[in-house]
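Only one structure is covered here, and it is reproduced in the block below.
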Amino acid sequence: MNQTEVATKTDLAEGSSVVSDAGVKWHHVLPLLMVVLGVLAYANSMYVPFVLDDVPRVERYVGMSWGDFLNHIWFTSRPIADATMYINGLISGADPWSYHLFNTIVHISGALLLFGIVRRVLMVGRFGERLQKNAHWFAFAVAGLWLVHPLQTQAVTYVIQRHESLMGLFYITVIYSLIRLSESEKKETAIVWGVLGIVACFLGMATKQVMVTAPILAVLFDRCFIAKSWSEMVKKRGLYYVGLIASWGVIAWTMHVESVAGDASAGFDSKVLTPMQYLLSQGEVIVSYYLKLAFWPDALVLDYYNGVVPAILRENDPTWWMTCGVVGVLLLASFYGIARMKWWGFCGMWFFLILGPTSSFMPIIDIIFEHRMYLSLIAVICVTVFVVDWLLVKLIASGSLRTLVEGGGIAIVLATLVFLTYVRNIEYSSGISIWSSVVERVPFNARGWHNLGAAYDEDGQSDIALASFSKTLEIIPEHAETLNSIGKIRLDQDFVEEAASLFQRAIKKNDQSAHYHYNLGRAYWTLKLLDQAELKFNDAIALNDEYATAYNNLGLVYAIQNKNEQAAEAFKKAIELDSGLTDAYYNLGTFYLKNLHANQAIEMMSKALSLEPGRVDVMNGLGQGYAMNGQLREAWKILKQANVISPRYMPVIGNMSVVAVGYAKTGDRVTAIKYLREVVTLAERGGLPPQLVQGFKSKLKAVENNAKF
C-alpha cells in the first residue's frame, strides 16, 4: 500500500495533534453512531435464554452467599469473569437480561477503544496525509465492522463466552493504554495510563488464558507503530512491559488451579487428537471456517462438537495439506512483515498469536469454536479495509467519487451486518431454534441433537424430543446423557421398567453421574423396590453430597420403611442444602403429621406454602395440622381455599369433614351441621365417588341425631 510507505518524522510518542477540522467534528459523533449500531444489532438479545454451558454456571452463582463466593473464587481458573456472573446473579437472579446487558456493554466498550486505537495510530501521519485527515472514518470502518459482525454473536449473545469478550476488552485496553502512555507529556498522566494498562493485563489474565499473548503483541505494536527503535522503546516504556510480563504470574496461578481442582475450562487435554493431528486440523479450521465466516458470515454454528471430522482423520482427503499450506504462507508473510515492521505484518501476528493458545498444538476437545475469532477478527477487518482502500485509490482517480464509493460501501456493509447479527440473535431466542440451527448445519453433531431433544422436552414436546434423542444414539449409540434423558421421559410416561433399563445403561457408560443413580432410584421407588431405591439414592449422595432432592427421596424411602429417625434426618438435610425445596418441607410436615407432631407439621407446611402458594396438597397438609392442633377455624379456612382451587381433590373434602366433626366434639353442633352440609354439597358438585358422598351424609345424620364422637 503506497500510503503506508509515506512516513513522516512525526512520532506517536510525541503526541501529534495534526488533524482536520472535520476530524475534530466527527471523532465525537462517530463513536455515538457506533453505540447506536451496537444497540440495534444486539437489542433483541436481552431476553435470549441461557444455553449450553450458561446453565450450570448461572445455577452455580445464583443464590450463592457472599462468603461462599469468596471461598470459591480463589479456586476457579477464570475468577474475573466468574465474579461478573455472581454480580449478575445478585442483580437479576436467573433472569438473563442483566447478563446480556453486561455482555453488550463490554462488546461496545471494546469497539470504542478499538476506534480510539486505529484513529490515534493514523492521526500521527506515519501513513500519509490522506489517512491522517480521515483517521476517524477509517477507525469507524474498522471498529464498526468488528462491532456488528455476526461472527461476534457467540462471544456476546452466548453469555458464558463473556470469558472471550471481557478478556478482549482488557486486551484492547492494554494497547490503548500503551498509546496514551506514549502520548503523555506529563509524568502523572503517564503513570495513570501505565497503571491502567498493567491492571487491565492482570485482569485479562484472570479472565481467560488467551490473554497470555498480550505482552508480546504490546511490544510488537509499540515497535511497529510508536517507537523508532528497540532501545527507545525500552528506555521510555520498559517499566510498562515489566508490569505486563509480571501478569504472567496470574496465568501460572490459574494453571495451578486447573491442575488441582480439575477446572479445565478451556477443554484442554483432548483424548481424540494427538498434538500434531490437532495442529494440522487447525489449518482447515482457520481457512475453511474462521476466515470463510469472516468474509461470508452465513450458517453460523453455536456448537460443532463432533459434527466436523477434520480432514487429517479422513482417508484420501487432501484438504488438510492444502489448508495448512495456505496458513503456512500467511504465517511466513506475517513473520516477514513484522520483521520489517510493516503494519500488515503486525496484523498477521495479531491474528495468529491470539489464535495460538486454542488453534495450535495443544489439543482441545472442541476443535472449532467461533468465539475464538473474537479478537483475531480485528486483523482480518483491518487488512480488508486498508487493502480495499488501496485498490480504490489505484482504480478511482477522483477523490470525491472514491469517497462516495467508500462511504456508500461501508454504509451498505454495516447495515447488512447489523441485520445479519439481529437475525442471528433471533436464532438464539429459544433452545429449540438455536439447536435446530446447529443440527441443520452440522447434521452429525451428537451433542446438537441431544440438546435439541432437551429443548423439546423442556417445552413439553416429549415425542419430538424422543425423535431428536434417537438421532443422538444413531451417532453415539450409548451416549449416557441421552440414555438418561430418554429414561426420564419414559418414566414420566409410566414405562417404568424401560426407564430403569435406560438408566442402567447410562450408569454402565458413566457410573460417576449422581443424576443417573438418582433417576434409577426414582424408577425403583415407582416399582416399589425400596431396598434398591435406597441403594441408588445413597449412591447419588455419595457422588454428590449436596444433592438435596436425593436426600428428599431417600427420606421418603425411609418413611415407608418406618425408619423414622433416618427419614426425618434425610428431609432436614434436604432443607439444609436447598431452603427452597418445597417437597422437602412438605414431606417433613407429612412425617410430623404421621407421628402426631402438630406444631412441627404446621411449621413445615406453612413454609412449603410460602414457597408455592396455592399448592393444594400442601394446603391440605396444613389444614390437617391445624385440625390436629385444635385450630378448627384456621383449618376450615385453608381447606376451603384449597377446595376452591381444586374442587375434585378428595383428601381436602375428607379433611373438611374431619374439621366439621371436630366442631361437634367441642359441642358446637350448629357449626358442625352447617359445615357437614357444605361438605356433602361440595362432594356432590365435585363428582366424588357415591360411597364417599354417602359417608359424609352418614356423618351429618349422626351429628343431627346428637351422636357422640
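Note on naming: chains are A, B, ... as they come in the C-alpha cells, residues start from 1 per chain, ligands start from 1 in the order shown.
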
Exercise: Leu577 in chain A partners within 8 Å, only C-alpha atoms, chain neighbours under 6 positions left out, as a ChimeraX atom specification: /A:546-548

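Between CA of Ile179 in chain A and CA of Ala200 in chain A lies a distance of 14.2 Å.
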
Shell of 12 Å around Pro689 in chain A, only C-alpha atoms, local chain residues under 5 positions omitted, as a list in words: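 Listed by chain and then number, they are Arg648, Tyr649, Met650, Val680, Ala683, Glu684, Gln694, Gly695 and Phe696 of chain A.
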
Test item: residues at most 12 Å from Glu612 in chain A, only C-alpha atoms, excluding those fewer than 6 positions along its chain, as a PyMOL selection string: chain A and resi 580-583+585-586+605-606+618-619

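Separating CA of Ala83 in chain A from CA of Met64 in chain A is a distance of 11.6 Å.
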
Proximity to Gln600 in chain A - best of A:Pro613, A:Gly621, A:Asn544, A:Tyr422, only C-alpha atoms: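 Using only C-alpha atoms, the shortest distance to Gln600 in chain A belongs to A:Gly621.
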
Straight-line distance linking CA of Val51 in chain A with CA of Ile575 in chain A, stated in Å to one decimal: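 Pair CA of Val51 in chain A / CA of Ile575 in chain A returns 28.4 Å.
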
Residues flagged alpha helix (DSSP H) by DSSP in range 464-573 of chain A, as a PDB file with N, CA and C atoms, in the first residue's frame:
ATOM      1  N   ILE A 464     -41.379 -35.358  20.089  1.00  0.00           N
ATOM      2  CA  ILE A 464     -40.345 -34.800  19.218  1.00  0.00           C
ATOM      3  C   ILE A 464     -38.988 -34.904  19.906  1.00  0.00           C
ATOM      4  N   ALA A 465     -38.991 -34.742  21.233  1.00  0.00           N
ATOM      5  CA  ALA A 465     -37.741 -34.878  21.988  1.00  0.00           C
ATOM      6  C   ALA A 465     -37.159 -36.272  21.815  1.00  0.00           C
ATOM      7  N   LEU A 466     -38.015 -37.279  21.907  1.00  0.00           N
ATOM      8  CA  LEU A 466     -37.538 -38.657  21.750  1.00  0.00           C
ATOM      9  C   LEU A 466     -36.953 -38.888  20.360  1.00  0.00           C
ATOM     10  N   ALA A 467     -37.566 -38.276  19.346  1.00  0.00           N
ATOM     11  CA  ALA A 467     -37.043 -38.418  17.985  1.00  0.00           C
ATOM     12  C   ALA A 467     -35.661 -37.782  17.874  1.00  0.00           C
ATOM     13  N   SER A 468     -35.470 -36.631  18.514  1.00  0.00           N
ATOM     14  CA  SER A 468     -34.163 -35.974  18.487  1.00  0.00           C
ATOM     15  C   SER A 468     -33.123 -36.795  19.246  1.00  0.00           C
ATOM     16  N   PHE A 469     -33.526 -37.320  20.392  1.00  0.00           N
ATOM     17  CA  PHE A 469     -32.599 -38.147  21.170  1.00  0.00           C
ATOM     18  C   PHE A 469     -32.181 -39.395  20.380  1.00  0.00           C
ATOM     19  N   SER A 470     -33.120 -39.942  19.602  1.00  0.00           N
ATOM     20  CA  SER A 470     -32.785 -41.130  18.814  1.00  0.00           C
ATOM     21  C   SER A 470     -31.718 -40.807  17.773  1.00  0.00           C
ATOM     22  N   LYS A 471     -31.719 -39.569  17.260  1.00  0.00           N
ATOM     23  CA  LYS A 471     -30.679 -39.147  16.321  1.00  0.00           C
ATOM     24  C   LYS A 471     -29.307 -39.157  17.001  1.00  0.00           C
ATOM     25  N   THR A 472     -29.284 -38.745  18.251  1.00  0.00           N
ATOM     26  CA  THR A 472     -28.026 -38.779  19.000  1.00  0.00           C
ATOM     27  C   THR A 472     -27.508 -40.202  19.107  1.00  0.00           C
ATOM     28  N   LEU A 473     -28.409 -41.130  19.421  1.00  0.00           N
ATOM     29  CA  LEU A 473     -27.997 -42.525  19.597  1.00  0.00           C
ATOM     30  C   LEU A 473     -27.584 -43.167  18.281  1.00  0.00           C
ATOM     31  N   GLU A 474     -28.058 -42.632  17.154  1.00  0.00           N
ATOM     32  CA  GLU A 474     -27.583 -43.128  15.861  1.00  0.00           C
ATOM     33  C   GLU A 474     -26.112 -42.769  15.653  1.00  0.00           C
ATOM     34  N   ILE A 475     -25.716 -41.621  16.212  1.00  0.00           N
ATOM     35  CA  ILE A 475     -24.334 -41.165  16.056  1.00  0.00           C
ATOM     36  C   ILE A 475     -23.439 -41.770  17.135  1.00  0.00           C
ATOM     37  N   ALA A 480     -24.448 -41.554  27.156  1.00  0.00           N
ATOM     38  CA  ALA A 480     -25.016 -41.719  28.500  1.00  0.00           C
ATOM     39  C   ALA A 480     -26.077 -40.677  28.827  1.00  0.00           C
ATOM     40  N   GLU A 481     -25.794 -39.402  28.553  1.00  0.00           N
ATOM     41  CA  GLU A 481     -26.737 -38.353  28.910  1.00  0.00           C
ATOM     42  C   GLU A 481     -28.041 -38.492  28.130  1.00  0.00           C
ATOM     43  N   THR A 482     -27.947 -38.953  26.896  1.00  0.00           N
ATOM     44  CA  THR A 482     -29.152 -39.161  26.093  1.00  0.00           C
ATOM     45  C   THR A 482     -29.957 -40.338  26.625  1.00  0.00           C
ATOM     46  N   LEU A 483     -29.297 -41.422  26.991  1.00  0.00           N
ATOM     47  CA  LEU A 483     -29.999 -42.555  27.601  1.00  0.00           C
ATOM     48  C   LEU A 483     -30.728 -42.107  28.861  1.00  0.00           C
ATOM     49  N   ASN A 484     -30.066 -41.284  29.657  1.00  0.00           N
ATOM     50  CA  ASN A 484     -30.688 -40.772  30.878  1.00  0.00           C
ATOM     51  C   ASN A 484     -31.897 -39.897  30.550  1.00  0.00           C
ATOM     52  N   SER A 485     -31.766 -39.044  29.529  1.00  0.00           N
ATOM     53  CA  SER A 485     -32.872 -38.146  29.167  1.00  0.00           C
ATOM     54  C   SER A 485     -34.072 -38.920  28.636  1.00  0.00           C
ATOM     55  N   ILE A 486     -33.820 -39.921  27.810  1.00  0.00           N
ATOM     56  CA  ILE A 486     -34.925 -40.760  27.326  1.00  0.00           C
ATOM     57  C   ILE A 486     -35.572 -41.482  28.500  1.00  0.00           C
ATOM     58  N   GLY A 487     -34.745 -41.960  29.414  1.00  0.00           N
ATOM     59  CA  GLY A 487     -35.274 -42.652  30.592  1.00  0.00           C
ATOM     60  C   GLY A 487     -36.206 -41.775  31.401  1.00  0.00           C
ATOM     61  N   LYS A 488     -35.868 -40.512  31.566  1.00  0.00           N
ATOM     62  CA  LYS A 488     -36.729 -39.612  32.337  1.00  0.00           C
ATOM     63  C   LYS A 488     -38.082 -39.428  31.655  1.00  0.00           C
ATOM     64  N   ILE A 489     -38.059 -39.304  30.317  1.00  0.00           N
ATOM     65  CA  ILE A 489     -39.332 -39.171  29.599  1.00  0.00           C
ATOM     66  C   ILE A 489     -40.165 -40.434  29.749  1.00  0.00           C
ATOM     67  N   ARG A 490     -39.534 -41.586  29.569  1.00  0.00           N
ATOM     68  CA  ARG A 490     -40.276 -42.851  29.666  1.00  0.00           C
ATOM     69  C   ARG A 490     -40.784 -43.081  31.084  1.00  0.00           C
ATOM     70  N   LEU A 491     -40.046 -42.636  32.075  1.00  0.00           N
ATOM     71  CA  LEU A 491     -40.505 -42.752  33.461  1.00  0.00           C
ATOM     72  C   LEU A 491     -41.752 -41.900  33.675  1.00  0.00           C
ATOM     73  N   ASP A 492     -41.738 -40.680  33.129  1.00  0.00           N
ATOM     74  CA  ASP A 492     -42.907 -39.807  33.246  1.00  0.00           C
ATOM     75  C   ASP A 492     -44.105 -40.367  32.483  1.00  0.00           C
ATOM     76  N   VAL A 496     -42.025 -47.675  33.280  1.00  0.00           N
ATOM     77  CA  VAL A 496     -41.036 -47.628  34.356  1.00  0.00           C
ATOM     78  C   VAL A 496     -39.911 -48.629  34.138  1.00  0.00           C
ATOM     79  N   GLU A 497     -40.250 -49.844  33.757  1.00  0.00           N
ATOM     80  CA  GLU A 497     -39.206 -50.857  33.581  1.00  0.00           C
ATOM     81  C   GLU A 497     -38.271 -50.474  32.435  1.00  0.00           C
ATOM     82  N   GLU A 498     -38.833 -49.937  31.347  1.00  0.00           N
ATOM     83  CA  GLU A 498     -37.989 -49.477  30.247  1.00  0.00           C
ATOM     84  C   GLU A 498     -37.083 -48.344  30.716  1.00  0.00           C
ATOM     85  N   ALA A 499     -37.644 -47.432  31.512  1.00  0.00           N
ATOM     86  CA  ALA A 499     -36.855 -46.318  32.040  1.00  0.00           C
ATOM     87  C   ALA A 499     -35.708 -46.829  32.901  1.00  0.00           C
ATOM     88  N   ALA A 500     -36.008 -47.808  33.756  1.00  0.00           N
ATOM     89  CA  ALA A 500     -34.967 -48.366  34.621  1.00  0.00           C
ATOM     90  C   ALA A 500     -33.838 -48.965  33.797  1.00  0.00           C
ATOM     91  N   SER A 501     -34.198 -49.643  32.716  1.00  0.00           N
ATOM     92  CA  SER A 501     -33.186 -50.238  31.841  1.00  0.00           C
ATOM     93  C   SER A 501     -32.309 -49.163  31.206  1.00  0.00           C
ATOM     94  N   LEU A 502     -32.916 -48.064  30.795  1.00  0.00           N
ATOM     95  CA  LEU A 502     -32.160 -46.969  30.188  1.00  0.00           C
ATOM     96  C   LEU A 502     -31.204 -46.339  31.199  1.00  0.00           C
ATOM     97  N   PHE A 503     -31.687 -46.144  32.425  1.00  0.00           N
ATOM     98  CA  PHE A 503     -30.819 -45.583  33.460  1.00  0.00           C
ATOM     99  C   PHE A 503     -29.650 -46.522  33.759  1.00  0.00           C
ATOM    100  N   GLN A 504     -29.912 -47.801  33.749  1.00  0.00           N
ATOM    101  CA  GLN A 504     -28.837 -48.778  33.992  1.00  0.00           C
ATOM    102  C   GLN A 504     -27.781 -48.703  32.890  1.00  0.00           C
ATOM    103  N   ARG A 505     -28.230 -48.536  31.646  1.00  0.00           N
ATOM    104  CA  ARG A 505     -27.274 -48.413  30.536  1.00  0.00           C
ATOM    105  C   ARG A 505     -26.452 -47.132  30.664  1.00  0.00           C
ATOM    106  N   ALA A 506     -27.109 -46.061  31.094  1.00  0.00           N
ATOM    107  CA  ALA A 506     -26.390 -44.798  31.276  1.00  0.00           C
ATOM    108  C   ALA A 506     -25.318 -44.943  32.356  1.00  0.00           C
ATOM    109  N   ILE A 507     -25.677 -45.629  33.450  1.00  0.00           N
ATOM    110  CA  ILE A 507     -24.723 -45.829  34.540  1.00  0.00           C
ATOM    111  C   ILE A 507     -23.573 -46.726  34.097  1.00  0.00           C
ATOM    112  N   LYS A 508     -23.871 -47.713  33.285  1.00  0.00           N
ATOM    113  CA  LYS A 508     -22.815 -48.589  32.771  1.00  0.00           C
ATOM    114  C   LYS A 508     -21.808 -47.786  31.952  1.00  0.00           C
ATOM    115  N   LYS A 509     -22.309 -46.791  31.236  1.00  0.00           N
ATOM    116  CA  LYS A 509     -21.432 -45.949  30.420  1.00  0.00           C
ATOM    117  C   LYS A 509     -20.685 -44.933  31.275  1.00  0.00           C
ATOM    118  N   ALA A 514     -24.156 -38.564  39.439  1.00  0.00           N
ATOM    119  CA  ALA A 514     -25.136 -38.685  40.523  1.00  0.00           C
ATOM    120  C   ALA A 514     -26.557 -38.690  39.980  1.00  0.00           C
ATOM    121  N   HIS A 515     -26.795 -37.941  38.892  1.00  0.00           N
ATOM    122  CA  HIS A 515     -28.147 -37.853  38.333  1.00  0.00           C
ATOM    123  C   HIS A 515     -28.629 -39.206  37.818  1.00  0.00           C
ATOM    124  N   TYR A 516     -27.738 -39.971  37.219  1.00  0.00           N
ATOM    125  CA  TYR A 516     -28.152 -41.262  36.673  1.00  0.00           C
ATOM    126  C   TYR A 516     -28.568 -42.200  37.805  1.00  0.00           C
ATOM    127  N   HIS A 517     -27.805 -42.230  38.868  1.00  0.00           N
ATOM    128  CA  HIS A 517     -28.147 -43.077  40.014  1.00  0.00           C
ATOM    129  C   HIS A 517     -29.453 -42.606  40.658  1.00  0.00           C
ATOM    130  N   TYR A 518     -29.604 -41.296  40.755  1.00  0.00           N
ATOM    131  CA  TYR A 518     -30.834 -40.743  41.337  1.00  0.00           C
ATOM    132  C   TYR A 518     -32.056 -41.146  40.519  1.00  0.00           C
ATOM    133  N   ASN A 519     -31.961 -41.019  39.200  1.00  0.00           N
ATOM    134  CA  ASN A 519     -33.108 -41.364  38.355  1.00  0.00           C
ATOM    135  C   ASN A 519     -33.428 -42.853  38.399  1.00  0.00           C
ATOM    136  N   LEU A 520     -32.396 -43.680  38.491  1.00  0.00           N
ATOM    137  CA  LEU A 520     -32.655 -45.115  38.645  1.00  0.00           C
ATOM    138  C   LEU A 520     -33.330 -45.381  39.985  1.00  0.00           C
ATOM    139  N   GLY A 521     -32.933 -44.618  41.004  1.00  0.00           N
ATOM    140  CA  GLY A 521     -33.609 -44.722  42.298  1.00  0.00           C
ATOM    141  C   GLY A 521     -35.077 -44.364  42.203  1.00  0.00           C
ATOM    142  N   ARG A 522     -35.387 -43.334  41.418  1.00  0.00           N
ATOM    143  CA  ARG A 522     -36.791 -42.955  41.216  1.00  0.00           C
ATOM    144  C   ARG A 522     -37.568 -44.084  40.555  1.00  0.00           C
ATOM    145  N   ALA A 523     -36.942 -44.729  39.573  1.00  0.00           N
ATOM    146  CA  ALA A 523     -37.612 -45.841  38.891  1.00  0.00           C
ATOM    147  C   ALA A 523     -37.865 -46.988  39.873  1.00  0.00           C
ATOM    148  N   TYR A 524     -36.858 -47.322  40.677  1.00  0.00           N
ATOM    149  CA  TYR A 524     -37.035 -48.387  41.670  1.00  0.00           C
ATOM    150  C   TYR A 524     -38.118 -48.017  42.681  1.00  0.00           C
ATOM    151  N   TRP A 525     -38.184 -46.752  43.072  1.00  0.00           N
ATOM    152  CA  TRP A 525     -39.220 -46.284  44.005  1.00  0.00           C
ATOM    153  C   TRP A 525     -40.603 -46.503  43.404  1.00  0.00           C
ATOM    154  N   THR A 526     -40.744 -46.165  42.127  1.00  0.00           N
ATOM    155  CA  THR A 526     -42.031 -46.339  41.455  1.00  0.00           C
ATOM    156  C   THR A 526     -42.406 -47.818  41.359  1.00  0.00           C
ATOM    157  N   LEU A 530     -37.968 -50.940  47.266  1.00  0.00           N
ATOM    158  CA  LEU A 530     -37.467 -49.938  48.201  1.00  0.00           C
ATOM    159  C   LEU A 530     -35.993 -50.109  48.525  1.00  0.00           C
ATOM    160  N   ASP A 531     -35.548 -51.329  48.689  1.00  0.00           N
ATOM    161  CA  ASP A 531     -34.133 -51.544  49.021  1.00  0.00           C
ATOM    162  C   ASP A 531     -33.231 -51.050  47.894  1.00  0.00           C
ATOM    163  N   GLN A 532     -33.595 -51.368  46.644  1.00  0.00           N
ATOM    164  CA  GLN A 532     -32.806 -50.900  45.510  1.00  0.00           C
ATOM    165  C   GLN A 532     -32.869 -49.378  45.381  1.00  0.00           C
ATOM    166  N   ALA A 533     -34.056 -48.809  45.651  1.00  0.00           N
ATOM    167  CA  ALA A 533     -34.194 -47.350  45.593  1.00  0.00           C
ATOM    168  C   ALA A 533     -33.304 -46.695  46.641  1.00  0.00           C
ATOM    169  N   GLU A 534     -33.311 -47.238  47.839  1.00  0.00           N
ATOM    170  CA  GLU A 534     -32.457 -46.711  48.909  1.00  0.00           C
ATOM    171  C   GLU A 534     -30.987 -46.742  48.492  1.00  0.00           C
ATOM    172  N   LEU A 535     -30.570 -47.860  47.898  1.00  0.00           N
ATOM    173  CA  LEU A 535     -29.182 -48.004  47.468  1.00  0.00           C
ATOM    174  C   LEU A 535     -28.816 -46.944  46.428  1.00  0.00           C
ATOM    175  N   LYS A 536     -29.687 -46.727  45.450  1.00  0.00           N
ATOM    176  CA  LYS A 536     -29.375 -45.784  44.375  1.00  0.00           C
ATOM    177  C   LYS A 536     -29.365 -44.338  44.873  1.00  0.00           C
ATOM    178  N   PHE A 537     -30.304 -43.993  45.755  1.00  0.00           N
ATOM    179  CA  PHE A 537     -30.287 -42.641  46.303  1.00  0.00           C
ATOM    180  C   PHE A 537     -29.017 -42.408  47.119  1.00  0.00           C
ATOM    181  N   ASN A 538     -28.589 -43.418  47.845  1.00  0.00           N
ATOM    182  CA  ASN A 538     -27.335 -43.302  48.599  1.00  0.00           C
ATOM    183  C   ASN A 538     -26.139 -43.212  47.664  1.00  0.00           C
ATOM    184  N   ASP A 539     -26.189 -43.939  46.529  1.00  0.00           N
ATOM    185  CA  ASP A 539     -25.111 -43.834  45.546  1.00  0.00           C
ATOM    186  C   ASP A 539     -25.032 -42.412  44.985  1.00  0.00           C
ATOM    187  N   ALA A 540     -26.194 -41.832  44.715  1.00  0.00           N
ATOM    188  CA  ALA A 540     -26.227 -40.464  44.197  1.00  0.00           C
ATOM    189  C   ALA A 540     -25.626 -39.492  45.207  1.00  0.00           C
ATOM    190  N   ILE A 541     -25.967 -39.687  46.474  1.00  0.00           N
ATOM    191  CA  ILE A 541     -25.448 -38.810  47.530  1.00  0.00           C
ATOM    192  C   ILE A 541     -23.948 -39.004  47.711  1.00  0.00           C
ATOM    193  N   ALA A 542     -23.469 -40.227  47.544  1.00  0.00           N
ATOM    194  CA  ALA A 542     -22.034 -40.490  47.666  1.00  0.00           C
ATOM    195  C   ALA A 542     -21.254 -39.742  46.581  1.00  0.00           C
ATOM    196  N   LEU A 543     -21.861 -39.596  45.403  1.00  0.00           N
ATOM    197  CA  LEU A 543     -21.210 -38.876  44.311  1.00  0.00           C
ATOM    198  C   LEU A 543     -21.383 -37.369  44.428  1.00  0.00           C
ATOM    199  N   ALA A 548     -29.750 -32.288  47.132  1.00  0.00           N
ATOM    200  CA  ALA A 548     -30.894 -32.113  48.036  1.00  0.00           C
ATOM    201  C   ALA A 548     -32.060 -33.030  47.686  1.00  0.00           C
ATOM    202  N   THR A 549     -32.415 -33.136  46.395  1.00  0.00           N
ATOM    203  CA  THR A 549     -33.570 -33.955  46.032  1.00  0.00           C
ATOM    204  C   THR A 549     -33.310 -35.439  46.291  1.00  0.00           C
ATOM    205  N   ALA A 550     -32.039 -35.852  46.208  1.00  0.00           N
ATOM    206  CA  ALA A 550     -31.724 -37.248  46.532  1.00  0.00           C
ATOM    207  C   ALA A 550     -31.974 -37.517  48.012  1.00  0.00           C
ATOM    208  N   TYR A 551     -31.594 -36.568  48.871  1.00  0.00           N
ATOM    209  CA  TYR A 551     -31.878 -36.709  50.305  1.00  0.00           C
ATOM    210  C   TYR A 551     -33.384 -36.732  50.541  1.00  0.00           C
ATOM    211  N   ASN A 552     -34.115 -35.888  49.835  1.00  0.00           N
ATOM    212  CA  ASN A 552     -35.567 -35.845  49.999  1.00  0.00           C
ATOM    213  C   ASN A 552     -36.207 -37.191  49.648  1.00  0.00           C
ATOM    214  N   ASN A 553     -35.813 -37.747  48.502  1.00  0.00           N
ATOM    215  CA  ASN A 553     -36.394 -39.028  48.092  1.00  0.00           C
ATOM    216  C   ASN A 553     -35.930 -40.171  48.980  1.00  0.00           C
ATOM    217  N   LEU A 554     -34.702 -40.089  49.476  1.00  0.00           N
ATOM    218  CA  LEU A 554     -34.230 -41.095  50.428  1.00  0.00           C
ATOM    219  C   LEU A 554     -35.076 -41.052  51.693  1.00  0.00           C
ATOM    220  N   GLY A 555     -35.460 -39.846  52.109  1.00  0.00           N
ATOM    221  CA  GLY A 555     -36.341 -39.705  53.264  1.00  0.00           C
ATOM    222  C   GLY A 555     -37.679 -40.388  53.051  1.00  0.00           C
ATOM    223  N   LEU A 556     -38.212 -40.293  51.820  1.00  0.00           N
ATOM    224  CA  LEU A 556     -39.480 -40.970  51.519  1.00  0.00           C
ATOM    225  C   LEU A 556     -39.341 -42.485  51.662  1.00  0.00           C
ATOM    226  N   VAL A 557     -38.209 -43.017  51.176  1.00  0.00           N
ATOM    227  CA  VAL A 557     -37.969 -44.458  51.303  1.00  0.00           C
ATOM    228  C   VAL A 557     -37.910 -44.853  52.774  1.00  0.00           C
ATOM    229  N   TYR A 558     -37.156 -44.087  53.563  1.00  0.00           N
ATOM    230  CA  TYR A 558     -37.033 -44.387  54.995  1.00  0.00           C
ATOM    231  C   TYR A 558     -38.387 -44.313  55.688  1.00  0.00           C
ATOM    232  N   ALA A 559     -39.215 -43.337  55.280  1.00  0.00           N
ATOM    233  CA  ALA A 559     -40.530 -43.194  55.914  1.00  0.00           C
ATOM    234  C   ALA A 559     -41.389 -44.428  55.657  1.00  0.00           C
ATOM    235  N   ILE A 560     -41.367 -44.944  54.417  1.00  0.00           N
ATOM    236  CA  ILE A 560     -42.131 -46.149  54.096  1.00  0.00           C
ATOM    237  C   ILE A 560     -41.593 -47.356  54.862  1.00  0.00           C
ATOM    238  N   ASN A 564     -38.002 -43.995  61.085  1.00  0.00           N
ATOM    239  CA  ASN A 564     -38.472 -42.637  61.333  1.00  0.00           C
ATOM    240  C   ASN A 564     -37.356 -41.620  61.544  1.00  0.00           C
ATOM    241  N   GLU A 565     -36.398 -41.956  62.373  1.00  0.00           N
ATOM    242  CA  GLU A 565     -35.322 -41.003  62.655  1.00  0.00           C
ATOM    243  C   GLU A 565     -34.510 -40.712  61.394  1.00  0.00           C
ATOM    244  N   GLN A 566     -34.219 -41.759  60.622  1.00  0.00           N
ATOM    245  CA  GLN A 566     -33.451 -41.568  59.395  1.00  0.00           C
ATOM    246  C   GLN A 566     -34.237 -40.752  58.366  1.00  0.00           C
ATOM    247  N   ALA A 567     -35.565 -40.980  58.331  1.00  0.00           N
ATOM    248  CA  ALA A 567     -36.404 -40.218  57.411  1.00  0.00           C
ATOM    249  C   ALA A 567     -36.375 -38.731  57.760  1.00  0.00           C
ATOM    250  N   ALA A 568     -36.570 -38.424  59.039  1.00  0.00           N
ATOM    251  CA  ALA A 568     -36.569 -37.023  59.473  1.00  0.00           C
ATOM    252  C   ALA A 568     -35.228 -36.358  59.173  1.00  0.00           C
ATOM    253  N   GLU A 569     -34.131 -37.066  59.425  1.00  0.00           N
ATOM    254  CA  GLU A 569     -32.801 -36.509  59.180  1.00  0.00           C
ATOM    255  C   GLU A 569     -32.577 -36.261  57.687  1.00  0.00           C
ATOM    256  N   ALA A 570     -33.067 -37.171  56.852  1.00  0.00           N
ATOM    257  CA  ALA A 570     -32.904 -37.002  55.408  1.00  0.00           C
ATOM    258  C   ALA A 570     -33.665 -35.771  54.914  1.00  0.00           C
ATOM    259  N   PHE A 571     -34.912 -35.590  55.388  1.00  0.00           N
ATOM    260  CA  PHE A 571     -35.691 -34.417  54.994  1.00  0.00           C
ATOM    261  C   PHE A 571     -35.022 -33.133  55.478  1.00  0.00           C
ATOM    262  N   LYS A 572     -34.524 -33.153  56.703  1.00  0.00           N
ATOM    263  CA  LYS A 572     -33.865 -31.963  57.251  1.00  0.00           C
ATOM    264  C   LYS A 572     -32.594 -31.626  56.471  1.00  0.00           C
ATOM    265  N   LYS A 573     -31.864 -32.663  56.075  1.00  0.00           N
ATOM    266  CA  LYS A 573     -30.643 -32.435  55.297  1.00  0.00           C
ATOM    267  C   LYS A 573     -30.991 -31.829  53.937  1.00  0.00           C
TER     268      LYS A 573
END

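Counting only C-alpha atoms, the residue from A:Leu32, A:Val327, A:Leu169, A:Ile426 that sits nearest to Leu280 in chain A is A:Val327.
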
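Comparing A:Trp449, A:Val58, A:Asp68, A:Met34 by their smallest distance to Tyr86 in chain A, the closest is A:Val58 (using only C-alpha atoms).
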
Nearest residue to Ala454 in chain A from the set A:Tyr278, A:Cys201, A:Glu129, A:Leu52 (distances using only C-alpha atoms):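 Closest residue, counting only C-alpha atoms: A:Leu52.
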
Shell of 10 Å around Ile105 in chain A, only C-alpha atoms, local chain residues under 2 positions omitted, as a ChimeraX atom specification: /A:35,38-39,100-103,107-111,156,166

Nearby residues (only C-alpha atoms) at most 12 Å from Gly249 in chain A, same-chain spacing under 3 positions excluded, as JSON, numbers by chain: {"A": [201, 202, 203, 205, 206, 209, 212, 242, 243, 244, 245, 246, 252, 253, 254, 255, 256]}
